[in-house]
file data17.txt (compact mmCIF, C-alpha atoms)
# COMPACT_ATOMS: atom_id res chain seq x y z
CA MET A 1 136.60 128.20 -86.15
CA ARG A 2 133.92 129.64 -88.44
CA ARG A 3 131.23 128.62 -85.96
CA LEU A 4 133.15 130.33 -83.15
CA TRP A 5 133.30 133.62 -85.06
CA ALA A 6 129.62 133.33 -85.94
CA LEU A 7 128.85 132.91 -82.24
CA LEU A 8 130.96 135.95 -81.41
CA LEU A 9 129.08 138.07 -83.94
CA LEU A 10 125.77 137.00 -82.41
CA LEU A 11 126.86 137.78 -78.86
CA VAL A 12 128.56 141.12 -79.52
CA PRO A 13 126.13 144.07 -79.70
CA ALA A 14 126.22 146.89 -82.20
CA LEU A 15 129.22 148.98 -81.18
CA ALA A 16 127.92 152.37 -82.29
CA LEU A 17 124.61 153.75 -83.43
CA GLU A 18 123.81 156.49 -85.89
CA ALA A 19 121.79 159.07 -83.98
CA GLY A 20 118.34 159.43 -85.50
CA PHE A 21 114.61 158.83 -85.21
CA LYS A 22 112.48 155.79 -85.91
CA ASP A 23 108.80 154.86 -85.63
CA GLN A 24 108.01 152.05 -83.19
CA ASP A 25 105.19 151.10 -80.85
CA VAL A 26 107.17 150.96 -77.60
CA ASN A 27 104.30 150.46 -75.14
CA GLY A 28 102.08 148.09 -77.10
CA ASP A 29 99.07 150.42 -77.42
CA GLY A 30 98.87 149.95 -81.18
CA THR A 31 100.11 153.46 -82.00
CA PRO A 32 103.76 153.93 -83.02
CA GLU A 33 105.78 156.55 -81.17
CA LYS A 34 108.62 158.59 -82.60
CA VAL A 35 111.77 157.24 -80.92
CA ALA A 36 114.99 159.23 -80.66
CA VAL A 37 117.88 156.74 -80.79
CA THR A 38 121.31 157.55 -79.31
CA ASN A 39 124.27 155.60 -77.96
CA LEU A 40 123.28 156.29 -74.34
CA MET A 41 119.48 156.28 -74.33
CA ASP A 42 116.32 156.20 -76.43
CA LEU A 43 113.43 158.63 -75.91
CA ALA A 44 109.90 157.89 -77.12
CA PHE A 45 107.67 160.88 -78.04
CA ASN A 46 103.95 160.68 -78.66
CA GLY A 47 101.90 163.05 -80.82
CA GLU A 48 101.07 165.28 -77.83
CA GLY A 49 104.69 166.31 -77.28
CA GLN A 50 105.12 164.02 -74.29
CA ILE A 51 108.10 161.80 -73.48
CA VAL A 52 106.34 158.51 -72.75
CA GLY A 53 109.47 156.37 -72.55
CA TRP A 54 113.01 157.19 -71.36
CA TYR A 55 115.14 154.09 -71.93
CA VAL A 56 118.68 154.05 -70.50
CA LYS A 57 121.16 151.66 -72.10
CA THR A 58 123.04 149.13 -70.03
CA TYR A 59 125.76 148.96 -72.70
CA LYS A 60 126.60 152.06 -74.71
CA GLY A 61 126.03 151.83 -78.43
CA THR A 62 123.53 148.97 -78.28
CA ALA A 63 120.11 148.87 -79.91
CA PHE A 64 116.89 147.99 -78.11
CA GLY A 65 114.71 145.37 -79.73
CA ASP A 66 111.99 144.91 -77.13
CA TYR A 67 111.35 148.16 -75.27
CA THR A 68 109.07 146.46 -72.76
CA ARG A 69 112.17 144.80 -71.28
CA ALA A 70 114.46 147.83 -71.46
CA PRO A 71 115.33 149.96 -68.37
CA ASN A 72 112.69 152.71 -68.42
CA LEU A 73 112.58 155.81 -66.20
CA SER A 74 108.85 156.08 -66.78
CA GLY A 75 106.53 155.01 -63.98
CA ASN A 76 102.86 154.60 -64.85
CA GLY A 77 102.64 157.62 -67.14
CA PRO A 78 104.69 160.07 -69.23
CA VAL A 79 108.09 161.16 -67.94
CA VAL A 80 107.53 164.66 -69.36
CA ALA A 81 104.09 166.05 -70.22
CA PRO A 82 103.33 169.65 -71.29
CA GLU A 83 100.02 170.74 -69.73
CA GLY A 84 97.38 172.46 -71.84
CA PHE A 85 99.46 172.21 -75.02
CA ARG A 86 98.00 170.55 -78.11
CA PRO A 87 100.53 170.29 -80.96
CA GLU A 88 99.23 170.63 -84.48
CA ARG A 89 102.36 169.33 -86.17
CA ALA A 90 105.79 167.99 -85.28
CA GLU A 91 109.19 167.73 -86.91
CA PHE A 92 112.15 165.56 -85.99
CA LEU A 93 115.59 166.65 -87.16
CA VAL A 94 119.19 165.47 -86.99
CA GLU A 95 121.79 168.27 -86.92
CA ASP A 96 125.49 167.41 -86.46
CA GLY A 97 124.70 164.44 -84.25
CA ARG A 98 122.20 166.44 -82.18
CA LEU A 99 118.54 165.41 -82.30
CA LEU A 100 115.71 167.95 -82.30
CA ALA A 101 112.06 167.10 -81.60
CA ARG A 102 109.96 170.22 -82.23
CA PHE A 103 106.20 170.43 -81.65
CA GLN A 104 104.21 173.38 -83.03
CA GLY A 105 100.83 174.51 -81.70
CA LYS A 106 98.68 177.64 -81.56
CA GLU A 107 100.56 178.85 -78.48
CA GLY A 108 103.99 178.45 -80.09
CA SER A 109 106.70 175.79 -80.29
CA LEU A 110 108.08 173.28 -77.81
CA THR A 111 111.57 171.95 -78.57
CA TYR A 112 113.54 169.05 -77.12
CA ARG A 113 117.29 169.05 -77.85
CA ILE A 114 119.21 165.80 -77.32
CA GLU A 115 122.97 166.34 -77.36
CA ARG A 116 125.45 163.71 -78.48
CA GLY A 117 127.16 161.86 -75.62
CA ARG A 118 124.86 163.26 -72.96
CA TYR A 119 121.99 161.99 -70.84
CA THR A 120 120.82 165.60 -70.48
CA VAL A 121 118.02 166.90 -72.70
CA SER A 122 117.26 170.60 -73.10
CA VAL A 123 113.57 171.57 -73.13
CA GLU A 124 112.51 175.02 -74.32
CA ALA A 125 109.18 176.63 -75.17
CA SER A 126 108.47 179.89 -77.00
CA PHE A 127 105.48 180.53 -74.70
CA PRO A 128 104.76 180.19 -70.95
CA LEU A 129 104.42 176.47 -70.31
CA SER A 130 103.59 174.26 -67.35
CA LEU A 131 105.55 171.02 -67.53
CA LYS A 132 104.57 167.94 -65.53
CA LEU A 133 107.32 165.46 -64.60
CA SER A 134 107.25 161.99 -63.10
CA ALA A 135 109.63 159.02 -62.97
CA GLN A 136 110.52 155.87 -61.13
CA GLY A 137 112.33 156.25 -57.83
CA THR A 138 112.18 158.35 -54.69
CA PRO A 139 111.24 161.98 -55.46
CA LYS A 140 112.87 165.03 -53.88
CA VAL A 141 112.81 168.79 -54.39
CA LEU A 142 115.34 171.47 -53.49
CA LEU A 143 113.79 174.90 -52.98
CA GLU A 144 115.70 178.14 -53.30
CA GLY A 145 117.39 179.13 -50.04
CA GLN A 146 117.40 175.59 -48.68
CA LYS A 147 120.40 173.29 -48.24
CA GLU A 148 118.51 170.03 -47.90
CA ALA A 149 116.19 168.43 -50.45
CA LEU A 150 112.66 167.60 -49.27
CA PRO A 151 110.22 164.82 -50.27
CA SER A 152 107.65 167.49 -51.22
CA GLY A 153 107.41 171.27 -51.47
CA GLU A 154 106.30 174.29 -53.47
CA GLY A 155 107.96 177.57 -54.40
CA ARG A 156 111.11 178.52 -56.29
CA VAL A 157 112.61 175.19 -57.30
CA ARG A 158 116.34 174.62 -57.86
CA TYR A 159 115.80 171.04 -58.94
CA LEU A 160 113.35 168.15 -58.97
CA ALA A 161 114.81 164.65 -58.81
CA TRP A 162 113.77 161.00 -58.79
CA GLN A 163 116.39 158.42 -57.77
CA THR A 164 115.75 154.68 -57.83
CA ARG A 165 118.52 154.10 -55.24
CA PRO A 166 120.62 156.51 -53.11
CA LYS A 167 123.91 155.97 -54.97
CA ALA A 168 123.09 153.51 -57.73
CA GLY A 169 120.42 152.71 -60.28
CA TYR A 170 118.94 155.55 -62.31
CA ALA A 171 117.91 159.16 -61.82
CA LEU A 172 115.81 161.84 -63.47
CA VAL A 173 116.86 165.38 -62.53
CA ALA A 174 115.19 168.58 -63.75
CA PHE A 175 117.15 171.83 -63.24
CA ALA A 176 117.88 175.18 -64.85
CA GLU A 177 120.35 178.07 -64.54
CA GLU A 178 117.83 179.97 -62.44
CA ALA A 179 115.25 178.66 -59.99
CA LEU A 180 111.82 177.97 -61.51
CA SER A 181 108.37 178.19 -59.98
CA GLY A 182 107.13 174.69 -59.29
CA LYS A 183 106.07 172.05 -56.81
CA LEU A 184 106.41 168.38 -55.93
CA VAL A 185 103.41 166.48 -54.60
CA GLY A 186 103.66 162.72 -54.20
CA LYS A 187 105.43 161.29 -57.24
CA GLU A 188 104.54 164.16 -59.59
CA GLY A 189 106.34 167.46 -60.02
CA THR A 190 105.41 170.55 -61.99
CA LEU A 191 107.66 173.34 -63.28
CA GLN A 192 106.70 176.64 -64.93
CA LEU A 193 108.85 177.46 -67.95
CA ALA A 194 109.25 181.04 -69.10
CA PRO A 195 109.47 181.71 -72.87
CA GLY A 196 112.98 181.09 -74.20
CA LYS A 197 114.31 179.84 -70.84
CA PRO A 198 115.55 176.24 -71.26
CA LEU A 199 115.04 173.50 -68.72
CA ARG A 200 117.64 170.74 -68.48
CA LEU A 201 116.52 167.16 -67.92
CA TYR A 202 119.08 164.54 -66.91
CA GLY A 203 117.90 160.94 -67.25
CA GLY A 204 120.56 158.30 -66.80
CA GLN A 205 122.88 156.55 -64.39
CA ASN A 206 122.58 157.67 -60.76
CA GLU A 207 126.35 157.70 -60.56
CA LEU A 208 129.12 160.07 -59.44
CA VAL A 209 131.15 160.22 -62.67
CA ARG A 210 128.07 160.83 -64.84
CA PHE A 211 126.89 163.58 -62.49
CA HIS A 212 130.35 165.13 -62.78
CA VAL A 213 130.31 164.96 -66.59
CA GLU A 214 126.79 166.42 -66.83
CA GLY A 215 127.39 169.21 -64.26
CA LEU A 216 125.10 167.90 -61.51
CA LEU A 217 127.54 167.49 -58.61
CA GLY A 218 127.14 171.14 -57.63
CA LEU A 219 123.48 170.57 -56.74
CA PRO A 220 123.31 170.03 -52.95
CA GLY A 221 121.55 166.98 -51.58
CA LEU A 222 121.67 165.08 -54.86
CA PHE A 223 124.82 162.98 -54.42
CA ALA A 224 127.26 163.01 -51.48
CA PRO A 225 130.58 161.28 -52.41
CA ASN A 226 132.09 159.00 -49.75
CA ILE A 227 135.84 158.42 -49.39
CA TRP A 228 135.88 156.24 -52.54
CA GLY A 229 133.92 158.90 -54.37
CA GLN A 230 136.49 161.51 -53.34
CA LEU A 231 139.23 159.23 -54.68
CA SER A 232 137.27 158.92 -57.94
CA LEU A 233 137.09 162.71 -58.21
CA GLY A 234 140.84 162.92 -57.62
CA LEU A 235 141.51 160.46 -60.45
CA LEU A 236 139.08 162.39 -62.66
CA TRP A 237 140.99 165.59 -61.91
CA LEU A 238 144.27 163.93 -62.92
CA MET A 239 142.79 162.65 -66.19
CA GLU A 240 141.12 165.95 -67.09
CA THR A 241 144.27 167.92 -66.22
CA ALA A 242 146.32 165.68 -68.52
CA PHE A 243 143.75 166.22 -71.28
CA ARG A 244 143.95 170.01 -70.92
CA TYR A 245 147.69 169.87 -71.55
CA THR A 246 147.72 167.18 -74.26
CA GLY A 247 144.36 167.61 -76.01
CA SER A 248 144.17 163.80 -76.33
CA TRP A 249 142.08 161.52 -74.15
CA GLY A 250 144.28 158.60 -75.19
CA LEU A 251 147.36 160.38 -73.79
CA ALA A 252 145.36 161.40 -70.73
CA ILE A 253 144.51 157.74 -70.02
CA LEU A 254 148.18 156.83 -70.55
CA PHE A 255 149.22 159.52 -68.03
CA LEU A 256 146.63 158.31 -65.52
CA THR A 257 147.80 154.71 -65.96
CA LEU A 258 151.44 155.68 -65.38
CA VAL A 259 150.62 157.65 -62.22
CA VAL A 260 148.52 154.84 -60.75
CA ARG A 261 151.06 152.14 -61.61
CA LEU A 262 153.89 154.18 -60.08
CA LEU A 263 151.88 154.61 -56.89
CA LEU A 264 151.11 150.89 -56.81
CA TRP A 265 154.61 149.83 -57.87
CA PRO A 266 155.81 148.73 -54.38
CA LEU A 267 152.62 146.71 -53.79
CA MET A 268 152.71 145.17 -57.25
CA HIS A 269 156.39 144.37 -56.76
CA GLN A 270 155.62 142.45 -53.57
CA GLN A 271 152.74 140.59 -55.22
CA PHE A 272 154.65 139.67 -58.38
CA LYS A 273 157.73 138.62 -56.42
CA SER A 274 155.72 136.40 -54.11
CA MET A 275 153.89 134.78 -57.04
CA ALA A 276 157.14 134.23 -58.95
CA GLU A 277 158.88 132.65 -55.95
CA LEU A 278 155.93 130.33 -55.30
CA GLN A 279 155.83 129.19 -58.89
CA ARG A 280 159.57 128.66 -58.88
CA LEU A 281 159.18 126.31 -55.92
CA GLN A 282 156.43 124.24 -57.51
CA PRO A 283 158.73 121.41 -58.72
CA LEU A 284 160.10 120.98 -55.18
CA ILE A 285 156.60 121.16 -53.70
CA GLN A 286 155.45 118.43 -56.10
CA LYS A 287 158.31 116.20 -54.94
CA ILE A 288 157.24 116.75 -51.33
CA ASN A 289 153.63 115.93 -52.22
CA GLU A 290 154.69 112.71 -53.91
CA LYS A 291 157.05 111.73 -51.08
CA TYR A 292 154.49 112.30 -48.31
CA LYS A 293 151.27 111.67 -50.22
CA ASP A 294 149.99 109.38 -47.45
CA ASP A 295 151.06 111.61 -44.54
CA PRO A 296 149.39 115.08 -44.57
CA ASN A 297 151.17 116.23 -41.41
CA LYS A 298 154.66 115.50 -42.71
CA ARG A 299 153.71 116.96 -46.08
CA ALA A 300 152.63 120.25 -44.48
CA GLU A 301 155.73 120.28 -42.23
CA ALA A 302 158.09 119.70 -45.15
CA THR A 303 156.34 122.37 -47.25
CA MET A 304 156.64 124.97 -44.47
CA LYS A 305 160.32 124.07 -44.00
CA LEU A 306 160.84 124.60 -47.74
CA TYR A 307 159.22 128.05 -47.52
CA GLN A 308 161.48 128.94 -44.58
CA GLU A 309 164.64 127.77 -46.33
CA HIS A 310 163.87 129.92 -49.38
CA LYS A 311 162.42 132.80 -47.29
CA VAL A 312 159.07 132.67 -49.07
CA ASN A 313 155.82 133.76 -47.46
CA PRO A 314 152.87 132.19 -49.37
CA ALA A 315 150.48 134.84 -47.99
CA ALA A 316 152.69 137.79 -48.97
CA GLY A 317 150.96 138.24 -52.34
CA CYS A 318 147.44 138.42 -50.91
CA LEU A 319 147.57 141.67 -48.92
CA PRO A 320 148.94 143.81 -51.80
CA LEU A 321 146.20 142.39 -54.05
CA LEU A 322 143.47 143.24 -51.50
CA ILE A 323 144.77 146.81 -51.26
CA GLN A 324 144.99 147.25 -55.04
CA MET A 325 141.58 145.86 -55.96
CA PRO A 326 139.44 148.80 -54.68
CA ILE A 327 141.68 151.28 -56.50
CA LEU A 328 141.59 149.31 -59.74
CA PHE A 329 137.81 148.94 -59.46
CA ILE A 330 137.40 152.70 -58.96
CA LEU A 331 139.60 153.37 -61.98
CA TRP A 332 137.47 151.02 -64.05
CA LYS A 333 134.27 152.83 -62.99
CA VAL A 334 135.78 156.27 -63.63
CA ILE A 335 136.82 155.46 -67.21
CA ALA A 336 133.77 153.31 -68.00
CA ASN A 337 131.31 156.05 -67.02
CA TYR A 338 133.19 158.97 -68.54
CA GLU A 339 132.10 160.44 -71.86
CA PHE A 340 135.20 161.21 -73.93
CA GLY A 341 133.65 162.25 -77.22
CA GLN A 342 136.98 161.57 -78.92
CA GLY A 343 138.65 158.66 -80.65
CA LEU A 344 142.20 157.37 -80.93
CA LEU A 345 143.82 155.99 -84.09
CA TRP A 346 141.34 153.37 -85.42
CA ILE A 347 138.89 153.87 -82.53
CA PRO A 348 136.14 156.41 -83.36
CA ASP A 349 135.05 156.94 -79.74
CA LEU A 350 136.83 155.89 -76.53
CA ALA A 351 133.47 155.72 -74.75
CA LEU A 352 132.35 152.85 -77.03
CA PRO A 353 133.81 149.36 -77.61
CA ASP A 354 136.61 148.88 -80.13
CA PRO A 355 134.81 148.17 -83.45
CA PHE A 356 137.75 146.13 -84.78
CA TYR A 357 138.45 144.18 -81.53
CA VAL A 358 142.15 145.15 -81.57
CA LEU A 359 142.24 146.32 -77.94
CA PRO A 360 140.39 143.24 -76.60
CA ALA A 361 142.87 141.03 -78.49
CA LEU A 362 145.80 142.97 -77.01
CA TYR A 363 144.25 142.71 -73.55
CA VAL A 364 143.88 138.92 -73.78
CA ALA A 365 147.39 138.55 -75.24
CA SER A 366 149.01 140.71 -72.55
CA THR A 367 147.09 138.90 -69.78
CA PHE A 368 148.17 135.52 -71.13
CA LEU A 369 151.79 136.70 -71.46
CA SER A 370 151.67 137.94 -67.87
CA THR A 371 150.53 134.50 -66.73
CA TRP A 372 153.25 132.84 -68.79
CA LEU A 373 155.93 135.01 -67.17
CA SER A 374 154.68 134.31 -63.65
CA ALA A 375 153.94 130.60 -64.24
CA HIS A 376 157.62 129.61 -64.70
CA GLY A 377 156.68 126.63 -66.84
CA ASN A 378 153.60 125.56 -64.84
CA LYS A 379 151.53 124.11 -67.69
CA ASP A 380 148.38 123.73 -65.59
CA LEU A 381 148.41 127.43 -64.70
CA ILE A 382 148.99 128.41 -68.34
CA ARG A 383 146.06 126.22 -69.50
CA GLN A 384 143.80 127.73 -66.83
CA SER A 385 144.76 131.24 -67.95
CA LEU A 386 144.02 130.40 -71.59
CA PHE A 387 140.62 128.97 -70.65
CA MET A 388 139.71 132.00 -68.50
CA ASN A 389 140.75 134.40 -71.26
CA LEU A 390 138.50 132.65 -73.78
CA ILE A 391 135.55 133.06 -71.39
CA PHE A 392 136.42 136.61 -70.36
CA ILE A 393 136.76 137.86 -73.95
CA PHE A 394 132.94 138.05 -74.28
CA LEU A 395 132.90 140.68 -71.50
CA VAL A 396 135.95 142.55 -72.79
CA LEU A 397 134.30 142.97 -76.20
CA GLN A 398 131.60 145.11 -74.53
CA PHE A 399 134.00 147.28 -72.51
CA PRO A 400 134.37 150.93 -73.56
CA SER A 401 137.61 151.38 -75.49
CA GLY A 402 138.97 153.74 -72.83
CA VAL A 403 138.64 151.00 -70.20
CA THR A 404 140.31 148.37 -72.38
CA LEU A 405 143.08 150.85 -73.29
CA TYR A 406 143.77 151.41 -69.60
CA TRP A 407 143.96 147.66 -68.89
CA VAL A 408 146.25 147.03 -71.87
CA LEU A 409 148.63 149.82 -70.81
CA SER A 410 148.52 148.63 -67.21
CA ASN A 411 149.26 145.04 -68.28
CA LEU A 412 152.23 146.17 -70.40
CA ILE A 413 153.73 148.04 -67.45
CA GLY A 414 153.08 144.97 -65.30
CA LEU A 415 154.91 142.79 -67.84
CA VAL A 416 158.01 144.98 -67.57
CA GLN A 417 157.83 144.79 -63.79
CA GLN A 418 157.45 140.99 -63.86
CA TRP A 419 160.37 140.62 -66.26
CA LEU A 420 162.61 142.70 -63.98
CA ILE A 421 161.58 140.60 -60.97
CA ASN A 422 162.19 137.30 -62.81
CA ARG A 423 165.69 138.49 -63.76
CA SER A 424 166.46 139.33 -60.14
CA LEU A 425 165.53 135.88 -58.79
CA LYS A 426 168.41 133.57 -58.04
CA PRO A 427 168.31 130.07 -59.58
CA LEU A 428 167.25 127.21 -57.30
CA ALA A 429 169.99 125.08 -55.84
CA ALA A 430 170.10 121.58 -57.24
call {"tool": "encode", "arguments": {"input": "data17.txt", "output": "structure tokens"}}
result
Amino acid sequence: MRRLWALLLLLVPALALEAGFKDQDVNGDGTPEKVAVTNLMDLAFNGEGQIVGWYVKTYKGTAFGDYTRAPNLSGNGPVVAPEGFRPERAEFLVEDGRLLARFQGKEGSLTYRIERGRYTVSVEASFPLSLKLSAQGTPKVLLEGQKEALPSGEGRVRYLAWQTRPKAGYALVAFAEEALSGKLVGKEGTLQLAPGKPLRLYGGQNELVRFHVEGLLGLPGLFAPNIWGQLSLGLLWLMETAFRYTGSWGLAILFLTLVVRLLLWPLMHQQFKSMAELQRLQPLIQKINEKYKDDPNKRAEATMKLYQEHKVNPAAGCLPLLIQMPILFILWKVIANYEFGQGLLWIPDLALPDPFYVLPALYVASTFLSTWLSAHGNKDLIRQSLFMNLIFIFLVLQFPSGVTLYWVLSNLIGLVQQWLINRSLKPLAA
């Protein structure tokens, strides 16, 4: 048992990081960079005020050891590079969870502000500054007055963007409240910053929910939601509406879970009932298998006759499951990619994994209990469920707490539904 827990501690990443700065040579050139460390990403600054590495985290709250293997938005050069600016000194500050990287030169100061729980960085200069941008992915620019983004252009720029894939992967998006003078040529873009006018730089998941959280969905040509995306936005609206009335993201997730489970109740009822009836018939099916073990045709005929006598359709549980799976997957993505910035009871942040593993334990227990209710004494099925739960726990430990909370609540509602179905089933005739 001690060895098992030791293995768990090795496999589970750090579940939350203290925002701050550290010195590390991220690119192997022999000179350490100043690295801003957050739960969502790490940014590496060099002495010239450039962002030479923008590392997006696959799992929130984890720490990078080897930056050469980390997802990096940088192509062959700096992601952000001020042109003609030579800093004379720099300071790196932590203020209420927000990180500030400030570079001072003869022209004035250049400040990067990294907010907690955001992939968006604010860039502001006290003097007119030309900022060069470049990243991995396909570049595009939206000019003022246009509705479609172009692969190149020059004029008043509403945004510059680089996307590794159309609706997946990573993205770097540069935008401001007002259009900026700039251009995009090849893979490199340039924007002219006026003194005191901040530029916003988003560098993170190229994903609908994150764009919604960071205020990017209003930018035309950046991300066009399909029918599943529209459903995701509807679920987001429900969750955010519940939060406005309750002030608690935990209660908002509970409300969302109740609404979804009520909508899926008829489908879940059909699935659970079919599974329960099939498991109830297993002893009789085993007798048929033993009786006709050498005659497959008679075995199949007798099994079908048994299903007909008890009015059981073995395929009845498949269709409801196929209909539910896309909805459940969308719900998982919505909650997993949302940034709550709030905890619940012992959980400091619903966007990060449970630091005390209470929710993962409840998830495994409720899943196992659900299997036990539906198995009707089938020991093989119970053993399979226990084995799968032991394997799956390594993934659950890395889930954001909001996701695990949703699954636990959903499982508990499912347990009530299964119990009601089991009570309604008539006992088998002897």
call {"tool": "closest_atom_pairs", "arguments": {"input": "data17.txt", "of": "range 167-196 of chain A", "to": "range 44-63 of chain A", "cutoff": "12 Å", "atoms": "all atoms listed in the file", "output": "JSON lines"}}
result
{"residue": "A:Gly169", "atom": "CA", "partner": "A:Val56", "partner_atom": "CA", "distance": 10.5}
{"residue": "A:Tyr170", "atom": "CA", "partner": "A:Val56", "partner_atom": "CA", "distance": 8.3}
{"residue": "A:Ala171", "atom": "CA", "partner": "A:Val56", "partner_atom": "CA", "distance": 10.1}
{"residue": "A:Leu172", "atom": "CA", "partner": "A:Trp54", "partner_atom": "CA", "distance": 9.6}
call {"tool": "closest_residue", "arguments": {"input": "data17.txt", "among": "A:Met41, A:Leu160, A:Val213, A:Val121", "to": "Pro139 in chain A", "atoms": "all atoms listed in the file"}}
result
A:Leu160
call {"tool": "atom_distance", "arguments": {"input": "data17.txt", "atom1": "CA of Arg116 in chain A", "atom2": "CA of Thr38 in chain A"}}
result
7.5 Å
call {"tool": "residues_around", "arguments": {"input": "data17.txt", "residues": "Gly75 in chain A", "least_positions_apart": "3", "cutoff": "8 Å", "atoms": "all atoms listed in the file", "output": "number ranges by chain"}}
result
A: 72, 78-79, 134-136
call {"tool": "closest_residue", "arguments": {"input": "data17.txt", "among": "A:Gln230, A:Ser366, A:Ser152, A:Thr164", "to": "Ser74 in chain A", "atoms": "all atoms listed in the file"}}
result
A:Thr164
call {"tool": "residues_near_point", "arguments": {"input": "data17.txt", "point": "(110.7, 169.2, -50.4)", "cutoff": "7 Å", "atoms": "only C-alpha atoms", "output": "JSON, numbers by chain"}}
result
{"A": [140, 141, 142, 143, 149, 150, 151, 152, 153]}
